[in-house]
$ cat model_20.cif   # mmCIF, C-alpha atoms
data_entry
#
loop_
_atom_site.label_atom_id
_atom_site.label_comp_id
_atom_site.auth_asym_id
_atom_site.auth_seq_id
_atom_site.Cartn_x
_atom_site.Cartn_y
_atom_site.Cartn_z
CA MET A 24 116.54 69.66 64.77
CA ARG A 25 117.93 68.06 67.91
CA PRO A 26 115.86 65.14 69.23
CA GLU A 27 115.46 66.89 72.61
CA PHE A 28 113.96 70.00 71.03
CA MET A 29 110.29 69.02 71.47
CA ARG A 30 110.88 67.97 75.07
CA GLU A 31 112.56 71.27 75.82
CA LEU A 32 109.70 73.20 74.24
CA LEU A 33 107.18 71.28 76.34
CA ILE A 34 109.16 72.00 79.52
CA VAL A 35 109.13 75.72 78.73
CA ALA A 36 105.39 75.54 77.93
CA ALA A 37 104.81 73.90 81.32
CA MET A 38 106.76 76.70 83.03
CA ILE A 39 104.63 79.31 81.23
CA ALA A 40 101.38 77.53 82.13
CA GLY A 41 102.35 77.06 85.79
CA THR A 42 103.27 80.73 86.15
CA LEU A 43 100.07 81.96 84.45
CA VAL A 44 97.92 79.80 86.76
CA THR A 45 99.52 81.12 89.97
CA ARG A 46 99.39 84.74 88.82
CA PHE A 47 95.80 84.81 87.47
CA LEU A 48 94.02 82.45 89.87
CA PRO A 49 93.32 84.97 92.70
CA PHE A 50 91.89 87.49 90.23
CA LEU A 51 89.66 84.83 88.62
CA ILE A 52 88.32 83.60 91.97
CA PHE A 53 87.60 87.12 93.26
CA PRO A 54 86.56 89.21 90.23
CA ALA A 55 86.68 93.02 90.40
CA GLY A 56 83.48 94.85 91.29
CA LYS A 57 82.38 92.26 93.82
CA ALA A 58 83.27 93.12 97.42
CA THR A 59 86.08 90.86 98.54
CA PRO A 60 85.42 89.02 101.81
CA ARG A 61 86.72 90.82 104.91
CA PHE A 62 89.14 88.01 105.63
CA VAL A 63 90.70 88.49 102.20
CA ASP A 64 91.10 92.23 102.93
CA PHE A 65 92.77 91.32 106.19
CA LEU A 66 95.14 88.98 104.35
CA GLY A 67 95.91 91.74 101.85
CA LYS A 68 97.05 93.98 104.72
CA THR A 69 99.16 91.38 106.50
CA LEU A 70 100.43 89.00 103.81
CA PRO A 71 102.91 91.38 102.12
CA PHE A 72 104.89 91.60 105.36
CA ALA A 73 104.76 87.87 106.04
CA THR A 74 105.66 87.06 102.44
CA MET A 75 108.77 89.23 102.47
CA GLY A 76 109.90 87.42 105.65
CA LEU A 77 109.28 84.13 103.87
CA LEU A 78 111.28 85.24 100.82
CA VAL A 79 114.30 86.32 102.88
CA VAL A 80 114.39 82.90 104.54
CA TYR A 81 113.81 81.23 101.13
CA CYS A 82 116.89 83.01 99.73
CA LEU A 83 119.00 81.90 102.69
CA LYS A 84 117.69 78.32 102.74
CA GLY A 85 120.97 76.81 101.54
CA VAL A 86 123.01 78.19 104.44
CA GLN A 87 124.65 75.40 106.44
CA LEU A 88 124.71 76.47 110.09
CA LEU A 89 126.28 73.25 111.35
CA ALA A 90 129.19 73.08 108.90
CA ALA A 91 131.95 75.65 108.31
CA PRO A 92 131.69 78.58 107.72
CA HIS A 93 128.39 78.35 109.68
CA GLY A 94 126.61 80.92 107.52
CA ALA A 95 129.16 83.61 108.37
CA PRO A 96 129.33 85.19 104.87
CA GLU A 97 125.52 85.39 104.65
CA PHE A 98 125.19 86.70 108.20
CA LEU A 99 127.86 89.38 107.71
CA ALA A 100 126.52 90.47 104.32
CA VAL A 101 122.93 90.69 105.64
CA LEU A 102 124.23 92.65 108.65
CA VAL A 103 126.00 95.09 106.31
CA ILE A 104 122.80 95.51 104.27
CA VAL A 105 120.57 96.09 107.32
CA LEU A 106 122.94 98.60 108.98
CA LEU A 107 123.71 100.42 105.74
CA HIS A 108 120.04 100.57 104.80
CA ARG A 109 118.93 101.86 108.20
CA TRP A 110 121.67 104.48 107.97
CA LYS A 111 121.40 105.70 104.36
CA SER A 112 118.05 104.28 103.15
CA ASN A 113 119.52 103.98 99.66
CA SER A 114 118.34 100.68 98.13
CA LEU A 115 120.86 100.83 95.32
CA LEU A 116 123.77 101.31 97.73
CA SER A 117 122.54 98.65 100.17
CA ILE A 118 122.05 95.99 97.49
CA GLY A 119 125.30 96.78 95.68
CA ALA A 120 127.47 96.93 98.78
CA GLY A 121 125.84 93.82 100.28
CA THR A 122 126.44 91.81 97.09
CA VAL A 123 130.07 92.97 96.75
CA VAL A 124 130.76 92.18 100.42
CA TYR A 125 129.23 88.73 99.96
CA MET A 126 131.21 88.03 96.77
CA PHE A 127 134.42 89.13 98.48
CA LEU A 128 133.73 86.94 101.51
CA VAL A 129 132.91 83.75 99.57
CA GLN A 130 135.73 84.23 97.05
CA THR A 131 138.56 85.12 99.40
CA VAL A 132 137.86 84.86 103.15
CA PHE A 133 135.60 81.78 103.35
CA GLN A 134 136.67 79.75 100.31
CA MET B 25 105.97 110.93 73.31
CA GLY B 26 102.99 112.65 74.91
CA GLU B 27 103.46 114.82 77.94
CA ARG B 28 101.08 112.67 79.97
CA ILE B 29 103.07 109.51 79.23
CA ARG B 30 106.31 111.32 80.05
CA ASP B 31 104.96 112.38 83.45
CA GLU B 32 103.82 108.83 84.17
CA ILE B 33 107.19 107.34 83.28
CA ARG B 34 109.02 110.09 85.15
CA TYR B 35 107.06 109.11 88.24
CA ALA B 36 107.34 105.35 87.70
CA PHE B 37 111.03 105.06 86.79
CA PRO B 38 112.68 106.10 90.12
CA ARG B 39 110.52 103.57 91.93
CA THR B 40 111.89 100.79 89.76
CA VAL B 41 115.60 101.61 90.14
CA PRO B 42 116.27 99.03 92.91
CA VAL B 43 114.55 96.40 90.77
CA MET B 44 116.60 97.52 87.77
CA VAL B 45 119.84 96.78 89.62
CA GLY B 46 118.61 93.43 90.89
CA TYR B 47 117.12 92.37 87.56
CA LEU B 48 120.06 93.41 85.40
CA PHE B 49 122.44 91.45 87.65
CA LEU B 50 120.23 88.42 88.12
CA GLY B 51 119.07 88.49 84.52
CA MET B 52 122.65 88.55 83.30
CA ALA B 53 123.58 85.72 85.65
CA TYR B 54 120.62 83.76 84.24
CA GLY B 55 121.64 84.50 80.65
CA ILE B 56 125.21 83.39 81.35
CA LEU B 57 123.99 80.20 83.05
CA MET B 58 121.72 79.33 80.11
CA HIS B 59 124.47 80.18 77.62
CA VAL B 60 126.94 77.90 79.40
CA ASN B 61 124.36 75.08 79.23
CA GLY B 62 123.96 75.44 75.47
CA PHE B 63 120.78 77.53 75.22
CA GLY B 64 121.23 80.51 72.96
CA PHE B 65 119.80 83.96 72.52
CA TRP B 66 116.27 83.00 71.37
CA TRP B 67 115.68 80.53 74.18
CA ILE B 68 116.75 83.11 76.73
CA PHE B 69 114.75 85.94 75.16
CA ALA B 70 111.59 83.83 74.79
CA ILE B 71 111.73 82.39 78.32
CA SER B 72 112.44 85.74 80.00
CA THR B 73 109.57 87.29 78.04
CA LEU B 74 106.95 84.53 78.35
CA VAL B 75 107.76 82.82 81.67
CA TYR B 76 109.10 85.91 83.47
CA ALA B 77 109.61 84.33 86.87
CA GLY B 78 113.20 84.55 88.14
CA SER B 79 113.59 81.69 90.56
CA LEU B 80 111.56 79.37 88.30
CA GLN B 81 113.78 80.26 85.34
CA TYR B 82 116.87 79.36 87.39
CA LEU B 83 115.24 76.07 88.29
CA GLY B 84 114.33 75.77 84.60
CA VAL B 85 118.02 75.59 83.63
CA THR B 86 118.26 72.39 85.65
CA MET B 87 114.95 71.08 84.30
CA LEU B 88 115.99 71.72 80.69
CA THR B 89 119.44 70.17 81.00
CA SER B 90 118.10 67.07 82.77
CA LEU B 91 115.07 66.90 80.40
CA VAL B 92 112.48 66.29 83.12
CA HIS B 93 108.97 65.19 82.17
CA PRO B 94 106.82 68.23 81.24
CA ILE B 95 104.29 67.23 83.93
CA THR B 96 107.08 67.39 86.50
CA ALA B 97 108.04 70.79 85.13
CA LEU B 98 104.43 71.97 85.47
CA PHE B 99 104.22 70.72 89.05
CA MET B 100 107.52 72.35 89.98
CA SER B 101 106.35 75.62 88.43
CA LEU B 102 103.12 75.57 90.45
CA VAL B 103 104.91 74.77 93.70
CA LEU B 104 107.72 77.27 93.29
CA ASN B 105 105.33 80.00 92.11
CA ALA B 106 102.66 79.33 94.72
CA ARG B 107 103.81 82.47 96.53
CA HIS B 108 102.28 84.45 93.64
CA LEU B 109 98.88 83.51 95.02
CA PHE B 110 99.83 85.62 98.05
CA TYR B 111 100.71 88.59 95.86
CA GLY B 112 97.49 88.28 93.88
CA ILE B 113 95.36 88.22 97.02
CA SER B 114 97.33 91.16 98.44
CA MET B 115 96.74 93.14 95.23
CA LEU B 116 93.03 92.37 94.77
CA GLY B 117 91.94 95.60 96.45
CA LYS B 118 94.45 97.82 94.73
CA TYR B 119 93.91 96.37 91.26
CA SER B 120 90.09 96.07 91.61
CA THR B 121 89.62 99.56 90.14
CA VAL B 122 92.09 99.05 87.28
CA LYS B 123 90.29 99.22 83.95
CA GLU B 124 93.08 99.25 81.38
CA ARG B 125 95.86 96.77 80.74
CA LYS B 126 94.91 94.64 83.75
CA PRO B 127 95.91 91.26 82.23
CA TYR B 128 99.46 92.55 81.76
CA LEU B 129 99.61 93.89 85.34
CA ILE B 130 98.65 90.41 86.58
CA PHE B 131 101.00 88.62 84.17
CA GLY B 132 103.93 90.80 85.29
CA LEU B 133 103.30 90.62 89.04
CA THR B 134 106.71 89.23 90.02
CA ASP B 135 108.19 89.31 93.54
CA GLU B 136 109.94 92.58 92.82
CA THR B 137 107.13 94.31 90.93
CA PHE B 138 104.79 93.34 93.75
CA SER B 139 107.18 94.80 96.32
CA VAL B 140 107.12 98.12 94.42
CA VAL B 141 103.39 98.40 93.68
CA CYS B 142 102.02 96.98 96.94
CA HIS B 143 102.72 100.17 98.93
CA GLU B 144 102.51 102.59 96.01
CA GLN B 145 100.21 105.61 96.46
CA VAL B 146 99.95 107.27 93.04
CA PRO B 147 99.24 111.04 93.19
CA LYS B 148 95.73 112.06 92.08
CA ASN B 149 96.99 114.04 89.06
CA LEU B 150 98.41 110.89 87.45
CA ASN B 151 96.54 107.90 86.00
CA ALA B 152 97.28 105.15 88.54
CA ASP B 153 96.51 102.36 86.05
CA HIS B 154 99.15 103.70 83.70
CA VAL B 155 101.74 104.16 86.46
CA TYR B 156 101.28 100.52 87.53
CA PHE B 157 101.60 99.54 83.88
CA TRP B 158 104.87 101.43 83.39
CA ILE B 159 106.34 100.04 86.61
CA THR B 160 105.41 96.51 85.50
CA LEU B 161 106.70 97.00 81.95
CA LEU B 162 109.97 98.68 83.00
CA ASP B 163 110.67 95.81 85.39
CA GLN B 164 110.17 93.25 82.63
CA ILE B 165 112.35 95.25 80.24
CA TYR B 166 115.16 95.17 82.84
CA TRP B 167 114.79 91.42 83.24
CA VAL B 168 114.73 90.65 79.51
CA THR B 169 117.59 93.08 78.83
CA GLY B 170 119.70 91.62 81.64
CA SER B 171 119.22 88.04 80.48
CA VAL B 172 119.89 88.89 76.82
CA LEU B 173 123.05 90.78 77.85
CA GLY B 174 124.07 87.69 79.79
CA ALA B 175 123.56 85.57 76.68
CA ILE B 176 125.75 87.91 74.64
CA ALA B 177 128.41 88.62 77.26
CA GLY B 178 128.62 85.06 78.54
CA SER B 179 131.82 84.23 76.73
CA PHE B 180 133.56 87.54 77.52
CA ILE B 181 133.26 87.47 81.30
CA THR B 182 136.63 87.00 82.95
CA PHE B 183 136.05 87.90 86.62
CA ASP B 184 134.83 85.40 89.19
CA THR B 185 131.05 85.77 89.48
CA THR B 186 130.69 83.46 92.50
CA GLY B 187 128.21 85.00 94.91
CA LEU B 188 126.69 87.38 92.35
CA ASP B 189 123.27 85.81 92.87
CA PHE B 190 123.32 87.18 96.43
CA ALA B 191 121.86 90.34 94.84
CA LEU B 192 118.44 88.65 95.05
CA THR B 193 118.82 88.08 98.80
CA ALA B 194 120.07 91.65 99.22
CA LEU B 195 117.00 92.96 97.40
CA PHE B 196 114.58 91.09 99.65
CA VAL B 197 116.47 92.10 102.81
CA VAL B 198 116.27 95.76 101.73
CA ILE B 199 112.52 95.50 101.12
CA PHE B 200 112.12 93.76 104.47
CA VAL B 201 114.00 96.60 106.25
CA ASP B 202 111.84 99.18 104.43
CA GLN B 203 108.66 97.38 105.45
CA TRP B 204 109.92 97.13 109.03
CA LYS B 205 109.67 100.93 109.27
CA GLN B 206 105.88 100.50 109.25
CA LYS B 207 105.12 99.49 112.81
CA ASP B 208 101.85 97.63 112.13
CA GLY B 209 103.69 95.17 109.91
CA HIS B 210 106.00 93.84 112.62
CA GLY B 211 103.69 91.00 113.66
CA PRO B 212 103.19 89.50 110.18
CA ALA B 213 106.87 90.10 109.29
CA VAL B 214 108.06 88.14 112.33
CA LEU B 215 105.45 85.47 111.60
CA GLY B 216 106.75 85.16 108.03
CA VAL B 217 110.33 84.63 109.18
CA ALA B 218 109.52 82.38 112.15
CA ALA B 219 107.06 80.13 110.30
CA THR B 220 109.43 79.69 107.37
CA VAL B 221 112.48 78.99 109.54
CA GLY B 222 110.44 76.47 111.53
CA CYS B 223 109.19 74.71 108.39
CA LEU B 224 112.68 74.74 106.84
CA TRP B 225 113.97 73.01 109.95
CA ILE B 226 111.16 70.42 110.01
CA PHE B 227 110.57 69.72 106.29
CA GLY B 228 114.01 70.43 104.81
CA GLN B 229 115.13 72.53 101.87
CA SER B 230 113.11 70.82 99.15
CA ALA B 231 109.66 70.84 100.77
CA PHE B 232 109.30 73.74 103.20
CA ILE B 233 107.68 76.46 101.08
CA ILE B 234 104.14 75.06 100.93
CA PRO B 235 104.00 74.11 104.65
CA SER B 236 105.30 77.61 105.48
CA MET B 237 102.48 79.18 103.50
CA VAL B 238 99.87 76.94 105.07
CA LEU B 239 101.19 77.79 108.53
CA ILE B 240 101.21 81.55 107.80
CA PHE B 241 97.64 81.33 106.47
CA ALA B 242 96.55 79.36 109.52
CA VAL B 243 98.10 81.77 112.05
CA LEU B 244 96.68 84.83 110.24
CA GLY B 245 93.28 83.13 110.09
CA PHE B 246 93.44 82.43 113.81
CA GLN B 247 94.36 86.07 114.50
CA TYR B 248 91.52 87.30 112.30
CA LYS B 249 88.99 85.14 114.14
CA ARG B 250 90.27 86.32 117.53
CA ASN B 251 90.13 90.00 116.46
CA GLY B 252 86.55 89.48 115.22
CA LYS B 253 85.54 88.07 118.61
CA GLU B 254 87.11 91.00 120.45
CA GLU B 255 85.18 93.44 118.24
CA ARG B 256 81.88 91.76 119.03
CA THR B 257 82.38 91.72 122.82
#

$ encode --input "model_20.cif" --output "structure tokens"
Amino acid sequence: MRPEFMRELLIVAAMIAGTLVTRFLPFLIFPAGKATPRFVDFLGKTLPFATMGLLVVYCLKGVQLLAAPHGAPEFLAVLVIVLLHRWKSNSLLSIGAGTVVYMFLVQTVFQ
Amino acid sequence: MGERIRDEIRYAFPRTVPVMVGYLFLGMAYGILMHVNGFGFWWIFAISTLVYAGSLQYLGVTMLTSLVHPITALFMSLVLNARHLFYGISMLGKYSTVKERKPYLIFGLTDETFSVVCHEQVPKNLNADHVYFWITLLDQIYWVTGSVLGAIAGSFITFDTTGLDFALTALFVVIFVDQWKQKDGHGPAVLGVAATVGCLWIFGQSAFIIPSMVLIFAVLGFQYKRNGKEERT
């Protein structure tokens, strides 16, 4: 057994514990059957939209606007996805084409 | 396989196809990354099954190779996964009537599964609990399969995979565009983007997620209070 093995196991255990806490906590605080407060209902109707906005920005957080290529591959690929998706509404196509365009751009055009 | 189960899966599967693409790609990329860093099949299988949180697992590669303190790993997990609190709160109403298999639905509530189930209206002739269960389970099967395939295929891959992880961004952008079609979501959607961009600018890449969430909560709370006042007057 490698000496790091126990440490690695503990790290994985910590990742499992952290994930379980964040996933179960809301359901433990507000158990089923009890009426959830109106503010929580309001959050349930608005948060999914806000969260998806947050996640898009989170994915693009590493983009350097001030240094070359100024986020051009990300901007172009996102533009392709948005236009393609508004046109065809085919998630598979939009994700696939967007990823291929991005890979092409970062591997050849903006190396 | 019973006819009832077949109908449920037949309804659930098409809804998970976008997630399947994203998860197979990202799972494979994860498997390859772990493989390259010396973690074999069983590590990858166990982590994808038991942790089942994409961005945390990617971060986990770094944490495992640099052997961080487990307390640090726990803290990082809580911070990076804090967005799950949002999903849980958003799903309280929908999952409040679920009687069967609820712990698994909560365990498997990833970004992508949430994005599928949050707007799902299951037809009356199907058991909604079961449909949610199949959607959740199928998504995890894609993720585990993708990462295991990555572990196996790691050494055979010859093409340049740079930029492959953009599939995750593409997935979220697609969901965002879909949500944008619902007019009443424009306000919160813009808030989500604006608050996060603002916090990214102020707090930097390593510390912006929690402030963004606090800011979003605060603005929504302010809106809720103002709406309540308007109703009373």

$ interface_residues --input "model_20.cif" --of "chain A" --to "chain B" --cutoff "7 Å" --atoms "only C-alpha atoms" --output "MDAnalysis selection string"
chainID A and resid 30:31 33:34 37:39 41:43 45:47 49:50 55:56 63 66:80 82 84 104:105 108 114:115 118 121:122 125:126 129:130

$ write_last_selection --input "model_20.cif" --atoms "C-alpha atoms" --output "PDB file, keeping the file's coordinate frame"
ATOM      1  CA  ARG A  30     110.880  67.970  75.070  1.00  0.00           C
ATOM      2  CA  GLU A  31     112.560  71.270  75.820  1.00  0.00           C
ATOM      3  CA  LEU A  33     107.180  71.280  76.340  1.00  0.00           C
ATOM      4  CA  ILE A  34     109.160  72.000  79.520  1.00  0.00           C
ATOM      5  CA  ALA A  37     104.810  73.900  81.320  1.00  0.00           C
ATOM      6  CA  MET A  38     106.760  76.700  83.030  1.00  0.00           C
ATOM      7  CA  ILE A  39     104.630  79.310  81.230  1.00  0.00           C
ATOM      8  CA  GLY A  41     102.350  77.060  85.790  1.00  0.00           C
ATOM      9  CA  THR A  42     103.270  80.730  86.150  1.00  0.00           C
ATOM     10  CA  LEU A  43     100.070  81.960  84.450  1.00  0.00           C
ATOM     11  CA  THR A  45      99.520  81.120  89.970  1.00  0.00           C
ATOM     12  CA  ARG A  46      99.390  84.740  88.820  1.00  0.00           C
ATOM     13  CA  PHE A  47      95.800  84.810  87.470  1.00  0.00           C
ATOM     14  CA  PRO A  49      93.320  84.970  92.700  1.00  0.00           C
ATOM     15  CA  PHE A  50      91.890  87.490  90.230  1.00  0.00           C
ATOM     16  CA  ALA A  55      86.680  93.020  90.400  1.00  0.00           C
ATOM     17  CA  GLY A  56      83.480  94.850  91.290  1.00  0.00           C
ATOM     18  CA  VAL A  63      90.700  88.490 102.200  1.00  0.00           C
ATOM     19  CA  LEU A  66      95.140  88.980 104.350  1.00  0.00           C
ATOM     20  CA  GLY A  67      95.910  91.740 101.850  1.00  0.00           C
ATOM     21  CA  LYS A  68      97.050  93.980 104.720  1.00  0.00           C
ATOM     22  CA  THR A  69      99.160  91.380 106.500  1.00  0.00           C
ATOM     23  CA  LEU A  70     100.430  89.000 103.810  1.00  0.00           C
ATOM     24  CA  PRO A  71     102.910  91.380 102.120  1.00  0.00           C
ATOM     25  CA  PHE A  72     104.890  91.600 105.360  1.00  0.00           C
ATOM     26  CA  ALA A  73     104.760  87.870 106.040  1.00  0.00           C
ATOM     27  CA  THR A  74     105.660  87.060 102.440  1.00  0.00           C
ATOM     28  CA  MET A  75     108.770  89.230 102.470  1.00  0.00           C
ATOM     29  CA  GLY A  76     109.900  87.420 105.650  1.00  0.00           C
ATOM     30  CA  LEU A  77     109.280  84.130 103.870  1.00  0.00           C
ATOM     31  CA  LEU A  78     111.280  85.240 100.820  1.00  0.00           C
ATOM     32  CA  VAL A  79     114.300  86.320 102.880  1.00  0.00           C
ATOM     33  CA  VAL A  80     114.390  82.900 104.540  1.00  0.00           C
ATOM     34  CA  CYS A  82     116.890  83.010  99.730  1.00  0.00           C
ATOM     35  CA  LYS A  84     117.690  78.320 102.740  1.00  0.00           C
ATOM     36  CA  ILE A 104     122.800  95.510 104.270  1.00  0.00           C
ATOM     37  CA  VAL A 105     120.570  96.090 107.320  1.00  0.00           C
ATOM     38  CA  HIS A 108     120.040 100.570 104.800  1.00  0.00           C
ATOM     39  CA  SER A 114     118.340 100.680  98.130  1.00  0.00           C
ATOM     40  CA  LEU A 115     120.860 100.830  95.320  1.00  0.00           C
ATOM     41  CA  ILE A 118     122.050  95.990  97.490  1.00  0.00           C
ATOM     42  CA  GLY A 121     125.840  93.820 100.280  1.00  0.00           C
ATOM     43  CA  THR A 122     126.440  91.810  97.090  1.00  0.00           C
ATOM     44  CA  TYR A 125     129.230  88.730  99.960  1.00  0.00           C
ATOM     45  CA  MET A 126     131.210  88.030  96.770  1.00  0.00           C
ATOM     46  CA  VAL A 129     132.910  83.750  99.570  1.00  0.00           C
ATOM     47  CA  GLN A 130     135.730  84.230  97.050  1.00  0.00           C
TER      48      GLN A 130
END

$ residues_around --input "model_20.cif" --residues "Gly170 of chain B" --least-positions-apart "4" --cutoff "12 Å" --atoms "only C-alpha atoms" --output "PDB file with C-alpha atoms, in the frame of the given file"
ATOM      1  CA  VAL B  43     114.550  96.400  90.770  1.00  0.00           C
ATOM      2  CA  MET B  44     116.600  97.520  87.770  1.00  0.00           C
ATOM      3  CA  VAL B  45     119.840  96.780  89.620  1.00  0.00           C
ATOM      4  CA  GLY B  46     118.610  93.430  90.890  1.00  0.00           C
ATOM      5  CA  TYR B  47     117.120  92.370  87.560  1.00  0.00           C
ATOM      6  CA  LEU B  48     120.060  93.410  85.400  1.00  0.00           C
ATOM      7  CA  PHE B  49     122.440  91.450  87.650  1.00  0.00           C
ATOM      8  CA  LEU B  50     120.230  88.420  88.120  1.00  0.00           C
ATOM      9  CA  GLY B  51     119.070  88.490  84.520  1.00  0.00           C
ATOM     10  CA  MET B  52     122.650  88.550  83.300  1.00  0.00           C
ATOM     11  CA  ALA B  53     123.580  85.720  85.650  1.00  0.00           C
ATOM     12  CA  TYR B  54     120.620  83.760  84.240  1.00  0.00           C
ATOM     13  CA  GLY B  55     121.640  84.500  80.650  1.00  0.00           C
ATOM     14  CA  ILE B  56     125.210  83.390  81.350  1.00  0.00           C
ATOM     15  CA  PHE B  65     119.800  83.960  72.520  1.00  0.00           C
ATOM     16  CA  ILE B  68     116.750  83.110  76.730  1.00  0.00           C
ATOM     17  CA  PHE B  69     114.750  85.940  75.160  1.00  0.00           C
ATOM     18  CA  SER B  72     112.440  85.740  80.000  1.00  0.00           C
ATOM     19  CA  THR B  73     109.570  87.290  78.040  1.00  0.00           C
ATOM     20  CA  GLY B  78     113.200  84.550  88.140  1.00  0.00           C
ATOM     21  CA  ASP B 163     110.670  95.810  85.390  1.00  0.00           C
ATOM     22  CA  GLN B 164     110.170  93.250  82.630  1.00  0.00           C
ATOM     23  CA  ILE B 165     112.350  95.250  80.240  1.00  0.00           C
ATOM     24  CA  TYR B 166     115.160  95.170  82.840  1.00  0.00           C
ATOM     25  CA  GLY B 174     124.070  87.690  79.790  1.00  0.00           C
ATOM     26  CA  ALA B 175     123.560  85.570  76.680  1.00  0.00           C
ATOM     27  CA  ILE B 176     125.750  87.910  74.640  1.00  0.00           C
ATOM     28  CA  ALA B 177     128.410  88.620  77.260  1.00  0.00           C
ATOM     29  CA  GLY B 178     128.620  85.060  78.540  1.00  0.00           C
TER      30      GLY B 178
END

$ residues_near_point --input "model_20.cif" --point "(122.6, 79.8, 102.1)" --cutoff "10 Å" --atoms "all atoms listed in the file" --output "MDAnalysis selection string"
(chainID A and resid 80:88 93:98) or (chainID B and resid 190 193)

$ atom_distance --input "model_20.cif" --atom1 "atom CA of Glu27 of chain B" --atom2 "atom CA of Val141 of chain B"
22.7 Å

$ atom_distance --input "model_20.cif" --atom1 "atom CA of Leu162 of chain B" --atom2 "atom CA of Arg30 of chain B"
13.5 Å

$ decode --input "model_20.cif" --residues "segment 109-114 of chain A" --atoms "all heavy atoms" --output "tab-separated table (two decimals), in the first residue's frame"
chain	number	residue	atom	x	y	z
A	109	ARG	N	-31.38	29.00	-31.04
A	109	ARG	CA	-32.61	29.76	-31.30
A	109	ARG	C	-33.21	29.33	-32.64
A	109	ARG	O	-34.41	29.37	-32.84
A	109	ARG	CB	-32.33	31.27	-31.31
A	109	ARG	CG	-31.95	31.82	-29.95
A	109	ARG	CD	-32.16	33.31	-29.90
A	109	ARG	NE	-33.56	33.65	-29.88
A	109	ARG	CZ	-34.20	34.15	-28.83
A	109	ARG	NH1	-33.55	34.36	-27.72
A	109	ARG	NH2	-35.47	34.44	-28.90
A	110	TRP	N	-32.34	28.91	-33.55
A	110	TRP	CA	-32.78	28.52	-34.88
A	110	TRP	C	-33.38	27.12	-34.88
A	110	TRP	O	-34.51	26.90	-35.31
A	110	TRP	CB	-31.60	28.64	-35.87
A	110	TRP	CG	-31.90	28.27	-37.27
A	110	TRP	CD1	-33.06	28.53	-37.96
A	110	TRP	CD2	-31.03	27.60	-38.19
A	110	TRP	NE1	-32.97	28.05	-39.24
A	110	TRP	CE2	-31.73	27.48	-39.41
A	110	TRP	CE3	-29.72	27.10	-38.09
A	110	TRP	CZ2	-31.17	26.87	-40.53
A	110	TRP	CZ3	-29.17	26.51	-39.21
A	110	TRP	CH2	-29.89	26.38	-40.42
A	111	LYS	N	-32.61	26.14	-34.37
A	111	LYS	CA	-33.01	24.73	-34.48
A	111	LYS	C	-33.61	24.15	-33.20
A	111	LYS	O	-34.27	23.11	-33.25
A	111	LYS	CB	-31.79	23.88	-34.89
A	111	LYS	CG	-31.34	24.12	-36.33
A	111	LYS	CD	-32.25	23.41	-37.32
A	111	LYS	CE	-31.75	23.55	-38.74
A	111	LYS	NZ	-32.75	23.06	-39.71
A	112	SER	N	-33.30	24.77	-32.04
A	112	SER	CA	-33.78	24.24	-30.75
A	112	SER	C	-33.43	22.77	-30.56
A	112	SER	O	-34.20	22.01	-30.00
A	112	SER	CB	-35.29	24.43	-30.61
A	112	SER	OG	-35.56	25.74	-30.22
A	113	ASN	N	-32.26	22.37	-31.02
A	113	ASN	CA	-31.81	20.99	-30.85
A	113	ASN	C	-30.59	21.01	-29.92
A	113	ASN	O	-29.49	21.38	-30.34
A	113	ASN	CB	-31.47	20.39	-32.22
A	113	ASN	CG	-31.00	18.95	-32.12
A	113	ASN	OD1	-30.52	18.51	-31.08
A	113	ASN	ND2	-31.15	18.22	-33.22
A	114	SER	N	-30.80	20.62	-28.66
A	114	SER	CA	-29.74	20.73	-27.65
A	114	SER	C	-28.48	19.98	-28.06
A	114	SER	O	-27.36	20.48	-27.93
A	114	SER	CB	-30.23	20.18	-26.31
A	114	SER	OG	-31.40	20.84	-25.91
